[in-house]
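Q: The file below is run_0.cif, mmCIF, C-alpha atoms:
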data_structure
#
loop_
_atom_site.label_atom_id
_atom_site.label_comp_id
_atom_site.auth_asym_id
_atom_site.auth_seq_id
_atom_site.Cartn_x
_atom_site.Cartn_y
_atom_site.Cartn_z
CA MET I 1 -0.37 -11.28 20.60
CA PRO I 2 1.46 -12.18 17.35
CA ARG I 3 2.89 -15.67 17.21
CA PRO I 4 6.58 -16.14 16.32
CA ARG I 5 7.05 -16.93 12.65
CA SER I 6 8.77 -20.20 13.59
CA GLN I 7 5.46 -21.36 15.07
CA GLN I 8 3.52 -20.41 11.94
CA VAL I 9 5.74 -22.18 9.40
CA SER I 10 6.21 -25.94 9.71
CA LEU I 11 7.57 -27.65 6.62
CA SER I 12 6.84 -31.05 8.14
CA ASP I 13 3.12 -30.15 7.98
CA THR I 14 2.99 -28.30 4.66
CA PRO I 15 5.33 -26.52 2.23
CA TYR I 16 2.55 -24.14 1.02
CA TYR I 17 1.83 -20.71 2.55
CA HIS I 18 -0.31 -17.69 1.71
CA CYS I 19 1.42 -14.39 2.58
CA ILE I 20 0.08 -10.84 2.58
CA SER I 21 1.99 -7.55 2.95
CA ARG I 22 0.22 -4.22 3.40
CA CYS I 23 1.38 -0.62 3.25
CA VAL I 24 1.21 1.83 6.16
CA ARG I 25 0.63 5.61 6.44
CA ARG I 26 -2.04 5.37 3.70
CA ALA I 27 0.84 4.79 1.31
CA PHE I 28 0.12 3.69 -2.21
CA LEU I 29 1.88 0.59 -3.44
CA CYS I 30 0.25 0.98 -6.84
CA GLY I 31 -2.79 2.58 -8.41
CA LYS I 32 -3.88 6.23 -8.45
CA ASP I 33 -4.38 8.39 -5.37
CA ALA I 34 -7.74 10.12 -5.79
CA VAL I 35 -6.75 12.81 -3.26
CA THR I 36 -3.40 13.92 -4.71
CA GLY I 37 -3.92 12.70 -8.27
CA LYS I 38 -0.55 10.95 -8.25
CA ASP I 39 -0.31 7.74 -10.28
CA PHE I 40 1.72 4.92 -8.76
CA GLU I 41 0.72 2.24 -11.26
CA HIS I 42 4.33 1.69 -12.37
CA ARG I 43 5.13 0.21 -8.96
CA ARG I 44 3.21 -2.94 -9.87
CA GLY I 45 6.06 -3.76 -12.23
CA TRP I 46 8.59 -3.30 -9.42
CA ILE I 47 6.80 -5.90 -7.32
CA GLU I 48 6.18 -8.44 -10.07
CA ASN I 49 9.73 -8.27 -11.41
CA ARG I 50 11.27 -8.57 -7.95
CA LEU I 51 8.95 -11.42 -6.94
CA LEU I 52 9.68 -13.52 -10.01
CA PHE I 53 13.41 -12.80 -9.72
CA LEU I 54 13.48 -14.03 -6.13
CA ALA I 55 11.70 -17.22 -7.17
CA GLN I 56 14.71 -18.01 -9.37
CA VAL I 57 17.15 -17.48 -6.48
CA PHE I 58 15.38 -18.96 -3.46
CA ALA I 59 14.30 -22.58 -3.06
CA ILE I 60 10.81 -21.10 -2.94
CA ASP I 61 8.31 -21.34 -5.79
CA VAL I 62 5.57 -18.84 -6.54
CA CYS I 63 2.19 -20.55 -6.95
CA ALA I 64 0.03 -17.44 -7.26
CA TYR I 65 0.27 -13.67 -6.77
CA ALA I 66 -1.72 -10.49 -7.16
CA VAL I 67 -0.37 -6.95 -6.84
CA MET I 68 -3.09 -4.65 -5.47
CA SER I 69 -3.15 -0.90 -4.73
CA ASN I 70 -2.00 -1.09 -1.10
CA HIS I 71 -1.13 -4.76 -0.54
CA ILE I 72 0.19 -7.87 -2.24
CA HIS I 73 -0.86 -11.52 -2.08
CA VAL I 74 1.55 -14.39 -2.75
CA VAL I 75 1.13 -18.14 -2.41
CA LEU I 76 4.52 -19.76 -1.88
CA HIS I 77 5.90 -23.30 -1.96
CA VAL I 78 9.10 -24.11 -0.06
CA ASP I 79 11.19 -26.69 -1.93
CA GLU I 80 13.36 -28.03 0.88
CA LYS I 81 14.63 -30.91 -1.29
CA GLU I 82 16.00 -28.50 -3.90
CA ALA I 83 17.82 -26.40 -1.29
CA LYS I 84 19.45 -29.45 0.28
CA GLY I 85 20.70 -30.56 -3.13
CA TRP I 86 22.71 -27.37 -3.81
CA THR I 87 26.48 -27.47 -3.50
CA THR I 88 28.30 -24.97 -1.28
CA ARG I 89 29.25 -22.94 -4.35
CA GLU I 90 25.67 -22.91 -5.65
CA VAL I 91 24.36 -21.70 -2.28
CA ILE I 92 26.89 -18.87 -2.07
CA GLU I 93 26.41 -17.83 -5.70
CA ARG I 94 22.66 -17.59 -5.14
CA TRP I 95 23.12 -15.59 -1.93
CA HIS I 96 25.50 -13.18 -3.65
CA LYS I 97 22.77 -12.34 -6.16
CA LEU I 98 20.95 -10.69 -3.26
CA HIS I 99 23.61 -9.78 -0.67
CA LYS I 100 27.35 -9.15 -0.59
CA GLY I 101 28.11 -12.09 1.70
CA THR I 102 31.35 -12.07 3.68
CA LEU I 103 34.95 -11.39 2.73
CA PHE I 104 35.60 -15.13 2.90
CA THR I 105 32.65 -16.08 0.67
CA GLN I 106 33.72 -13.46 -1.87
CA LYS I 107 37.25 -14.92 -1.95
CA TYR I 108 35.78 -18.43 -2.26
CA ILE I 109 33.73 -17.48 -5.32
CA ARG I 110 36.76 -15.79 -6.90
CA GLY I 111 38.65 -19.06 -6.51
CA GLU I 112 41.36 -17.71 -4.22
CA GLU I 113 43.46 -20.16 -2.21
CA LEU I 114 42.09 -20.49 1.33
CA SER I 115 43.22 -22.31 4.44
CA LYS I 116 41.39 -25.33 5.82
CA ALA I 117 40.12 -23.28 8.77
CA VAL I 118 38.68 -20.64 6.46
CA LEU I 119 37.02 -23.29 4.30
CA GLU I 120 35.35 -24.71 7.38
CA ILE I 121 34.02 -21.26 8.23
CA ILE I 122 32.72 -20.93 4.66
CA GLU I 123 30.92 -24.27 4.93
CA LEU I 124 29.18 -23.12 8.11
CA THR I 125 28.29 -19.79 6.49
CA ALA I 126 26.89 -21.58 3.44
CA GLU I 127 24.65 -23.70 5.66
CA THR I 128 23.29 -20.50 7.20
CA TYR I 129 22.63 -19.12 3.71
CA ARG I 130 21.00 -22.42 2.66
CA LYS I 131 18.48 -22.14 5.51
CA ARG I 132 17.75 -18.54 4.63
CA LEU I 133 17.18 -19.42 0.96
CA MET I 134 14.29 -21.68 1.94
CA ASP I 135 12.94 -19.32 4.60
CA ILE I 136 9.70 -17.47 3.83
CA SER I 137 10.61 -14.62 6.17
CA TRP I 138 13.84 -13.98 4.28
CA PHE I 139 11.99 -14.24 0.96
CA MET I 140 9.43 -11.63 2.02
CA ARG I 141 12.18 -9.43 3.47
CA ASP I 142 14.12 -9.49 0.19
CA LEU I 143 10.89 -8.70 -1.63
CA SER I 144 9.71 -5.80 0.53
CA GLU I 145 12.88 -3.93 1.53
CA PRO I 146 14.06 -2.88 -1.97
CA ILE I 147 10.50 -1.81 -2.86
CA ALA I 148 10.25 0.26 0.32
CA ARG I 149 13.55 2.02 -0.43
CA GLN I 150 12.49 2.80 -4.01
CA ALA I 151 9.08 4.09 -2.88
CA ASN I 152 10.56 6.26 -0.14
CA VAL I 153 12.99 7.84 -2.59
CA GLU I 154 10.16 8.48 -5.03
CA ASP I 155 7.93 9.90 -2.26
CA SER I 156 10.80 11.98 -0.80
CA CYS I 157 10.26 10.61 2.67
CA THR I 158 11.66 8.16 5.21
CA GLY I 159 10.19 5.66 7.62
CA ARG I 160 8.13 2.53 7.28
CA PHE I 161 6.47 1.71 3.98
CA TRP I 162 5.15 -1.74 4.95
CA GLU I 163 3.45 -2.96 8.09
CA GLY I 164 5.86 -4.44 10.61
CA ARG I 165 5.15 -8.07 9.75
CA PHE I 166 3.65 -9.82 6.79
CA LYS I 167 0.75 -12.16 7.52
CA SER I 168 1.07 -15.84 6.66
CA GLN I 169 -1.35 -18.74 6.59
CA ALA I 170 -0.47 -22.41 6.19
CA LEU I 171 -2.32 -24.28 3.42
CA LEU I 172 -2.59 -27.81 4.74
CA ASP I 173 -4.04 -29.73 1.78
CA GLU I 174 -4.63 -29.54 -1.96
CA SER I 175 -8.15 -28.16 -1.58
CA ALA I 176 -6.93 -25.29 0.60
CA LEU I 177 -4.06 -24.58 -1.81
CA LEU I 178 -6.25 -24.42 -4.93
CA ALA I 179 -8.98 -22.39 -3.20
CA CYS I 180 -6.41 -19.89 -1.94
CA MET I 181 -4.70 -19.62 -5.35
CA ALA I 182 -8.05 -18.92 -7.02
CA TYR I 183 -8.86 -16.34 -4.32
CA VAL I 184 -5.54 -14.58 -4.94
CA ASP I 185 -5.86 -14.67 -8.74
CA LEU I 186 -9.39 -13.23 -8.53
CA ASN I 187 -8.46 -10.27 -6.29
CA PRO I 188 -8.40 -7.63 -9.08
CA LEU I 189 -11.68 -8.96 -10.48
CA ARG I 190 -13.37 -8.85 -7.06
CA ALA I 191 -12.06 -5.31 -6.55
CA LYS I 192 -13.57 -4.45 -9.96
CA ILE I 193 -10.30 -3.26 -11.48
CA ALA I 194 -10.42 -6.05 -14.10
CA ASP I 195 -13.30 -7.61 -16.05
CA THR I 196 -11.85 -11.11 -16.40
CA PRO I 197 -9.01 -13.07 -14.78
CA GLU I 198 -6.92 -13.08 -17.95
CA SER I 199 -7.21 -9.29 -18.28
CA SER I 200 -6.07 -8.64 -14.68
CA TYR I 201 -2.53 -7.32 -14.98
CA PHE I 202 0.22 -8.27 -12.53
CA THR I 203 -1.41 -11.53 -11.49
CA SER I 204 -0.25 -15.11 -11.85
CA VAL I 205 -3.42 -16.15 -13.66
CA LYS I 206 -2.75 -13.68 -16.48
CA LYS I 207 0.79 -15.00 -16.82
CA ARG I 208 -0.49 -18.59 -16.89
CA VAL I 209 -3.10 -17.82 -19.56
CA GLU I 210 -0.53 -15.97 -21.72
CA SER I 211 1.74 -19.02 -21.58
CA ALA I 212 -1.19 -21.36 -22.18
CA LYS I 213 -1.84 -19.57 -25.48
CA LYS I 214 1.55 -20.96 -26.55
CA ALA I 215 0.74 -24.40 -25.08
CA GLU I 216 3.33 -23.71 -22.36
CA GLN I 217 3.49 -22.98 -18.66
CA PRO I 218 5.36 -19.93 -17.27
CA LYS I 219 8.88 -20.81 -16.14
CA GLU I 220 8.72 -18.30 -13.29
CA LEU I 221 5.77 -20.07 -11.60
CA ILE I 222 5.44 -23.55 -10.13
CA PRO I 223 3.88 -25.75 -12.84
CA PHE I 224 0.72 -27.82 -12.77
CA ILE I 225 1.82 -31.42 -13.40
CA GLY I 226 -1.49 -33.28 -13.41
CA ASN I 227 -1.74 -36.59 -11.60
CA GLU I 228 1.38 -37.61 -9.69
CA LYS I 229 3.61 -40.16 -11.41
CA GLU I 230 7.06 -41.59 -10.84
CA ASN I 231 10.04 -39.50 -11.99
CA GLN I 232 7.77 -36.48 -12.43
CA PRO I 233 9.10 -32.94 -11.87
CA SER I 234 7.88 -31.13 -8.77
CA GLY I 235 4.71 -29.14 -9.13
CA ILE I 236 1.03 -28.98 -8.24
CA ALA I 237 -0.74 -32.31 -8.75
CA PHE I 238 -3.61 -30.76 -10.68
CA LYS I 239 -4.19 -30.03 -14.37
CA LEU I 240 -3.75 -26.46 -15.56
CA LYS I 241 -6.97 -26.52 -17.56
CA ASP I 242 -8.87 -27.71 -14.47
CA TYR I 243 -7.38 -24.87 -12.42
CA LEU I 244 -8.30 -22.23 -15.02
CA ASP I 245 -11.80 -23.70 -15.09
CA LEU I 246 -11.93 -23.40 -11.28
CA VAL I 247 -10.88 -19.74 -11.45
CA ASP I 248 -13.49 -19.01 -14.11
CA LEU I 249 -16.34 -20.73 -12.27
CA THR I 250 -15.40 -19.15 -8.94
CA GLY I 251 -15.17 -15.70 -10.54
CA ARG I 252 -18.76 -15.98 -11.82
CA ILE I 253 -20.15 -16.30 -8.31
CA ILE I 254 -21.75 -13.00 -7.30
CA ARG I 255 -20.88 -12.07 -3.73
CA GLU I 256 -22.56 -9.30 -1.77
CA ASP I 257 -19.28 -8.43 -0.02
CA LYS I 258 -17.37 -8.04 -3.31
CA ARG I 259 -17.83 -5.49 -6.07
CA GLY I 260 -16.83 -7.52 -9.10
CA SER I 261 -17.55 -10.81 -10.83
CA ILE I 262 -17.18 -12.28 -14.32
CA ASP I 263 -20.02 -11.25 -16.64
CA LEU I 264 -22.25 -14.31 -17.03
CA SER I 265 -22.66 -13.52 -20.74
CA LEU I 266 -18.97 -14.18 -21.40
CA SER I 267 -17.92 -17.59 -22.62
CA PRO I 268 -15.85 -19.70 -20.19
CA ILE I 269 -12.13 -19.03 -20.04
CA LEU I 270 -11.50 -22.43 -21.64
CA GLN I 271 -13.72 -21.79 -24.65
CA SER I 272 -13.64 -19.23 -27.43
CA ASP I 273 -17.20 -18.95 -28.77
CA SER I 274 -17.07 -15.14 -28.87
CA TYR I 275 -13.35 -14.77 -29.48
CA GLU I 276 -11.22 -15.10 -32.55
CA THR I 277 -8.00 -17.08 -33.09
CA PRO I 278 -8.69 -19.86 -30.56
CA THR I 279 -5.61 -21.35 -28.93
CA HIS I 280 -5.42 -24.86 -27.49
CA ILE I 281 -3.75 -26.40 -24.47
CA ASP I 282 -4.34 -30.06 -23.66
CA GLY I 283 -6.99 -30.04 -26.37
CA ILE I 284 -8.97 -27.22 -24.73
CA LYS I 285 -9.55 -23.82 -26.32
CA ILE I 286 -8.39 -20.73 -24.44
CA ARG I 287 -10.55 -17.59 -24.42
CA LEU I 288 -8.84 -14.77 -26.33
CA TYR I 289 -9.79 -11.14 -26.82
CA LYS I 290 -10.34 -9.77 -30.31
#
Step by step, read the file and then write its structure as structure tokens.

A:
Amino acid sequence: MPRPRSQQVSLSDTPYYHCISRCVRRAFLCGKDAVTGKDFEHRRGWIENRLLFLAQVFAIDVCAYAVMSNHIHVVLHVDEKEAKGWTTREVIERWHKLHKGTLFTQKYIRGEELSKAVLEIIELTAETYRKRLMDISWFMRDLSEPIARQANVEDSCTGRFWEGRFKSQALLDESALLACMAYVDLNPLRAKIADTPESSYFTSVKKRVESAKKAEQPKELIPFIGNEKENQPSGIAFKLKDYLDLVDLTGRIIREDKRGSIDLSLSPILQSDSYETPTHIDGIKIRLYK
């Protein structure tokens, strides 16, 4: 019997969670249907754009993601401290980017004069919104519902597009977090729809490598901050180059239960022996395609 989501998410134990949503009725989220010949590849962009947009609104960071043909993987980090630091106005403005809110919250944002009683109601409403903006269930709901509506319109049908509940798994330590992120980033490679991690479209690892070519980290994703220090921004206490090395080494492991792996003849992702125009990050070359 499924456990209530409140029993699966405990921020006092860990702020990191791996979530999976799958389609029903043999529906295609993305990819090409071999039976009908219809191509749904454009839907990958719907998911990625919506996911990264929500990460800018919620107090929830995206650590890793992969958009597959009939399911999506996301690794999320709940930033409770950030949410608690928002003012009432900031909370309501963020909520209004996703939902209409109430008549009172709309008047509040417009700067209309309100009575003390109404302001008290607005404060209570804002606290409800604050909790929702750091709630994984609300995040996944605001991710899946618009996609389902768009897909149903495109498919000229009604009814469920996603399974009733998304699956979530708590990641209790750094080892579990990094292993899960690498697993998610390697999904297209293991499914043999990409040859290398950095060529797997609509994944977080591709976005990280593209930013690494510019000696940057993607603003839409939680950053790697290296070893923890005082007055350091929030992020994953691990070096980006070490994570990319982990992904590369893990992807070279040949597994009998998976179709794909990185060709052993390719140079490591952090080198460029067989690639032109090497790019550096933290003094390490990034593998680039010719």

Q: Mind checking which residues fall within 7 Å of range 58-70 of chain I, counting all atoms listed in the file, ignoring those fewer than 2 positions away in the same chain, and posting them as a ChimeraX atom specification?

A: /I:22-23,27-31,44,54-56,72-80,82-83,133-134,181,184-185,187,202-204,221-222

Q: Applying 10 Å and only C-alpha atoms, which residues near Leu264 in chain I remain after dropping the ones on its own chain fewer than 3 positions away? List them as number ranges by chain.

A: I: 249, 251-254, 261, 267-268

Q: Find the residues with any atom within 6 Å of (2.7, -11.6, 6.3); use all atoms listed in the file and the coordinates as given in the file, and write the answer as a PyMOL selection string.

A: chain I and resi 19-21+165-168

Q: I need every residue sitting at most 6 Å from the point (28.2, -16.7, 0.1) (coordinates as in the file, all atoms listed in the file considered), written as JSON, numbers by chain.

A: {"I": [92, 95, 96, 101, 105]}

Q: Could you spell out the hits of the PyMOL selection byres ((chain I and resi 89) around 12) on the shown file, as a VMD selection string?

A: chain I and resid 85 to 88 90 to 96 105 to 111 119 122 to 123 125 to 127 129 to 130

Q: Within 10 Å of Leu172 in chain I, counting all atoms listed in the file, which residues show up once you throw out same-chain ones fewer than 4 positions away? Write them as a ChimeraX atom specification, please.

A: /I:13-17,176-177

Q: Please give the centre and size of the box around range 18-25 of chain I (axis-aligned, containing every atom listed in the file, 4 Å added per side), with values in Å to one decimal and written as lines of an AutoDock Vina configuration file.

A:
center_x = 0.8
center_y = -6.0
center_z = 4.1
size_x = 10.3
size_y = 31.3
size_z = 12.7

Q: For Ala237 in chain I, which residue out of I:Phe53, I:Leu178, I:Glu198, I:Val205 is the nearest one, using all atoms listed in the file?

A: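 Among I:Phe53, I:Leu178, I:Glu198, I:Val205, it is I:Leu178 that comes nearest to Ala237 in chain I.
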
Q: Between I:Ser144, I:Asp257, I:Ser199, I:Ser175, which has the minimum distance to Arg160 in chain I (counting all atoms listed in the file)?

A: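 Using all atoms listed in the file, Arg160 in chain I sits closest to I:Ser144.
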
Q: Could you write range 218-229 of chain I as an mmCIF file, in the coordinates of the input, with all heavy atoms rebuilt where they are missing?

A:
data_model
loop_
_atom_site.group_PDB
_atom_site.id
_atom_site.type_symbol
_atom_site.label_atom_id
_atom_site.label_comp_id
_atom_site.auth_asym_id
_atom_site.auth_seq_id
_atom_site.Cartn_x
_atom_site.Cartn_y
_atom_site.Cartn_z
ATOM 1 N N PRO I 218 4.324 -20.930 -17.576
ATOM 2 C CA PRO I 218 5.360 -19.930 -17.270
ATOM 3 C C PRO I 218 6.485 -20.522 -16.429
ATOM 4 O O PRO I 218 6.232 -21.189 -15.423
ATOM 5 C CB PRO I 218 4.596 -18.846 -16.498
ATOM 6 C CG PRO I 218 3.364 -19.525 -15.997
ATOM 7 C CD PRO I 218 3.026 -20.565 -17.004
ATOM 8 N N LYS I 219 7.728 -20.272 -16.846
ATOM 9 C CA LYS I 219 8.880 -20.810 -16.140
ATOM 10 C C LYS I 219 9.048 -20.200 -14.752
ATOM 11 O O LYS I 219 9.652 -20.799 -13.879
ATOM 12 C CB LYS I 219 10.152 -20.564 -16.968
ATOM 13 C CG LYS I 219 10.166 -21.291 -18.312
ATOM 14 C CD LYS I 219 11.424 -20.987 -19.100
ATOM 15 C CE LYS I 219 11.420 -21.708 -20.435
ATOM 16 N NZ LYS I 219 12.640 -21.396 -21.230
ATOM 17 N N GLU I 220 8.524 -18.995 -14.573
ATOM 18 C CA GLU I 220 8.720 -18.300 -13.290
ATOM 19 C C GLU I 220 7.802 -18.846 -12.191
ATOM 20 O O GLU I 220 8.017 -18.564 -11.012
ATOM 21 C CB GLU I 220 8.439 -16.797 -13.457
ATOM 22 C CG GLU I 220 9.260 -16.120 -14.531
ATOM 23 C CD GLU I 220 8.514 -16.055 -15.859
ATOM 24 O OE1 GLU I 220 7.636 -16.939 -16.092
ATOM 25 O OE2 GLU I 220 8.771 -15.129 -16.639
ATOM 26 N N LEU I 221 6.746 -19.581 -12.569
ATOM 27 C CA LEU I 221 5.770 -20.070 -11.600
ATOM 28 C C LEU I 221 5.855 -21.585 -11.471
ATOM 29 O O LEU I 221 6.259 -22.271 -12.418
ATOM 30 C CB LEU I 221 4.353 -19.681 -12.024
ATOM 31 C CG LEU I 221 4.087 -18.190 -12.232
ATOM 32 C CD1 LEU I 221 2.671 -17.980 -12.733
ATOM 33 C CD2 LEU I 221 4.311 -17.413 -10.942
ATOM 34 N N ILE I 222 5.464 -22.115 -10.315
ATOM 35 C CA ILE I 222 5.440 -23.550 -10.130
ATOM 36 C C ILE I 222 4.440 -24.147 -11.133
ATOM 37 O O ILE I 222 3.344 -23.614 -11.314
ATOM 38 C CB ILE I 222 5.059 -23.914 -8.682
ATOM 39 C CG1 ILE I 222 5.301 -25.403 -8.417
ATOM 40 C CG2 ILE I 222 3.640 -23.513 -8.361
ATOM 41 C CD1 ILE I 222 5.154 -25.784 -6.956
ATOM 42 N N PRO I 223 4.777 -25.218 -11.811
ATOM 43 C CA PRO I 223 3.880 -25.750 -12.840
ATOM 44 C C PRO I 223 2.780 -26.641 -12.276
ATOM 45 O O PRO I 223 2.885 -27.164 -11.161
ATOM 46 C CB PRO I 223 4.824 -26.572 -13.721
ATOM 47 C CG PRO I 223 5.871 -27.057 -12.762
ATOM 48 C CD PRO I 223 6.068 -25.925 -11.778
ATOM 49 N N PHE I 224 1.724 -26.800 -13.050
ATOM 50 C CA PHE I 224 0.720 -27.820 -12.770
ATOM 51 C C PHE I 224 1.174 -29.080 -13.512
ATOM 52 O O PHE I 224 1.450 -29.038 -14.711
ATOM 53 C CB PHE I 224 -0.653 -27.378 -13.279
ATOM 54 C CG PHE I 224 -1.290 -26.311 -12.438
ATOM 55 C CD1 PHE I 224 -1.083 -24.968 -12.711
ATOM 56 C CD2 PHE I 224 -2.101 -26.651 -11.376
ATOM 57 C CE1 PHE I 224 -1.669 -23.979 -11.937
ATOM 58 C CE2 PHE I 224 -2.690 -25.671 -10.586
ATOM 59 C CZ PHE I 224 -2.479 -24.331 -10.866
ATOM 60 N N ILE I 225 1.255 -30.195 -12.804
ATOM 61 C CA ILE I 225 1.820 -31.420 -13.400
ATOM 62 C C ILE I 225 0.801 -32.529 -13.577
ATOM 63 O O ILE I 225 1.140 -33.636 -14.003
ATOM 64 C CB ILE I 225 2.989 -31.950 -12.541
ATOM 65 C CG1 ILE I 225 2.511 -32.228 -11.111
ATOM 66 C CG2 ILE I 225 4.136 -30.942 -12.547
ATOM 67 C CD1 ILE I 225 3.575 -32.867 -10.232
ATOM 68 N N GLY I 226 -0.468 -32.252 -13.272
ATOM 69 C CA GLY I 226 -1.490 -33.280 -13.410
ATOM 70 C C GLY I 226 -1.376 -34.313 -12.314
ATOM 71 O O GLY I 226 -0.868 -34.044 -11.226
ATOM 72 N N ASN I 227 -1.812 -35.516 -12.585
ATOM 73 C CA ASN I 227 -1.740 -36.590 -11.600
ATOM 74 C C ASN I 227 -0.298 -36.979 -11.326
ATOM 75 O O ASN I 227 0.527 -37.016 -12.244
ATOM 76 C CB ASN I 227 -2.525 -37.811 -12.081
ATOM 77 C CG ASN I 227 -4.006 -37.497 -12.263
ATOM 78 O OD1 ASN I 227 -4.563 -36.693 -11.525
ATOM 79 N ND2 ASN I 227 -4.631 -38.128 -13.242
ATOM 80 N N GLU I 228 0.015 -37.265 -10.079
ATOM 81 C CA GLU I 228 1.380 -37.610 -9.690
ATOM 82 C C GLU I 228 1.800 -38.939 -10.310
ATOM 83 O O GLU I 228 1.045 -39.900 -10.339
ATOM 84 C CB GLU I 228 1.498 -37.691 -8.167
ATOM 85 C CG GLU I 228 1.363 -36.342 -7.481
ATOM 86 C CD GLU I 228 1.622 -36.441 -5.991
ATOM 87 O OE1 GLU I 228 1.875 -37.560 -5.527
ATOM 88 O OE2 GLU I 228 1.577 -35.400 -5.308
ATOM 89 N N LYS I 229 3.025 -38.956 -10.827
ATOM 90 C CA LYS I 229 3.610 -40.160 -11.410
ATOM 91 C C LYS I 229 5.052 -40.262 -10.960
ATOM 92 O O LYS I 229 5.626 -39.313 -10.441
ATOM 93 C CB LYS I 229 3.552 -40.091 -12.948
ATOM 94 C CG LYS I 229 2.148 -39.936 -13.528
ATOM 95 C CD LYS I 229 2.203 -39.750 -15.026
ATOM 96 C CE LYS I 229 0.813 -39.509 -15.608
ATOM 97 N NZ LYS I 229 0.870 -39.259 -17.073
#
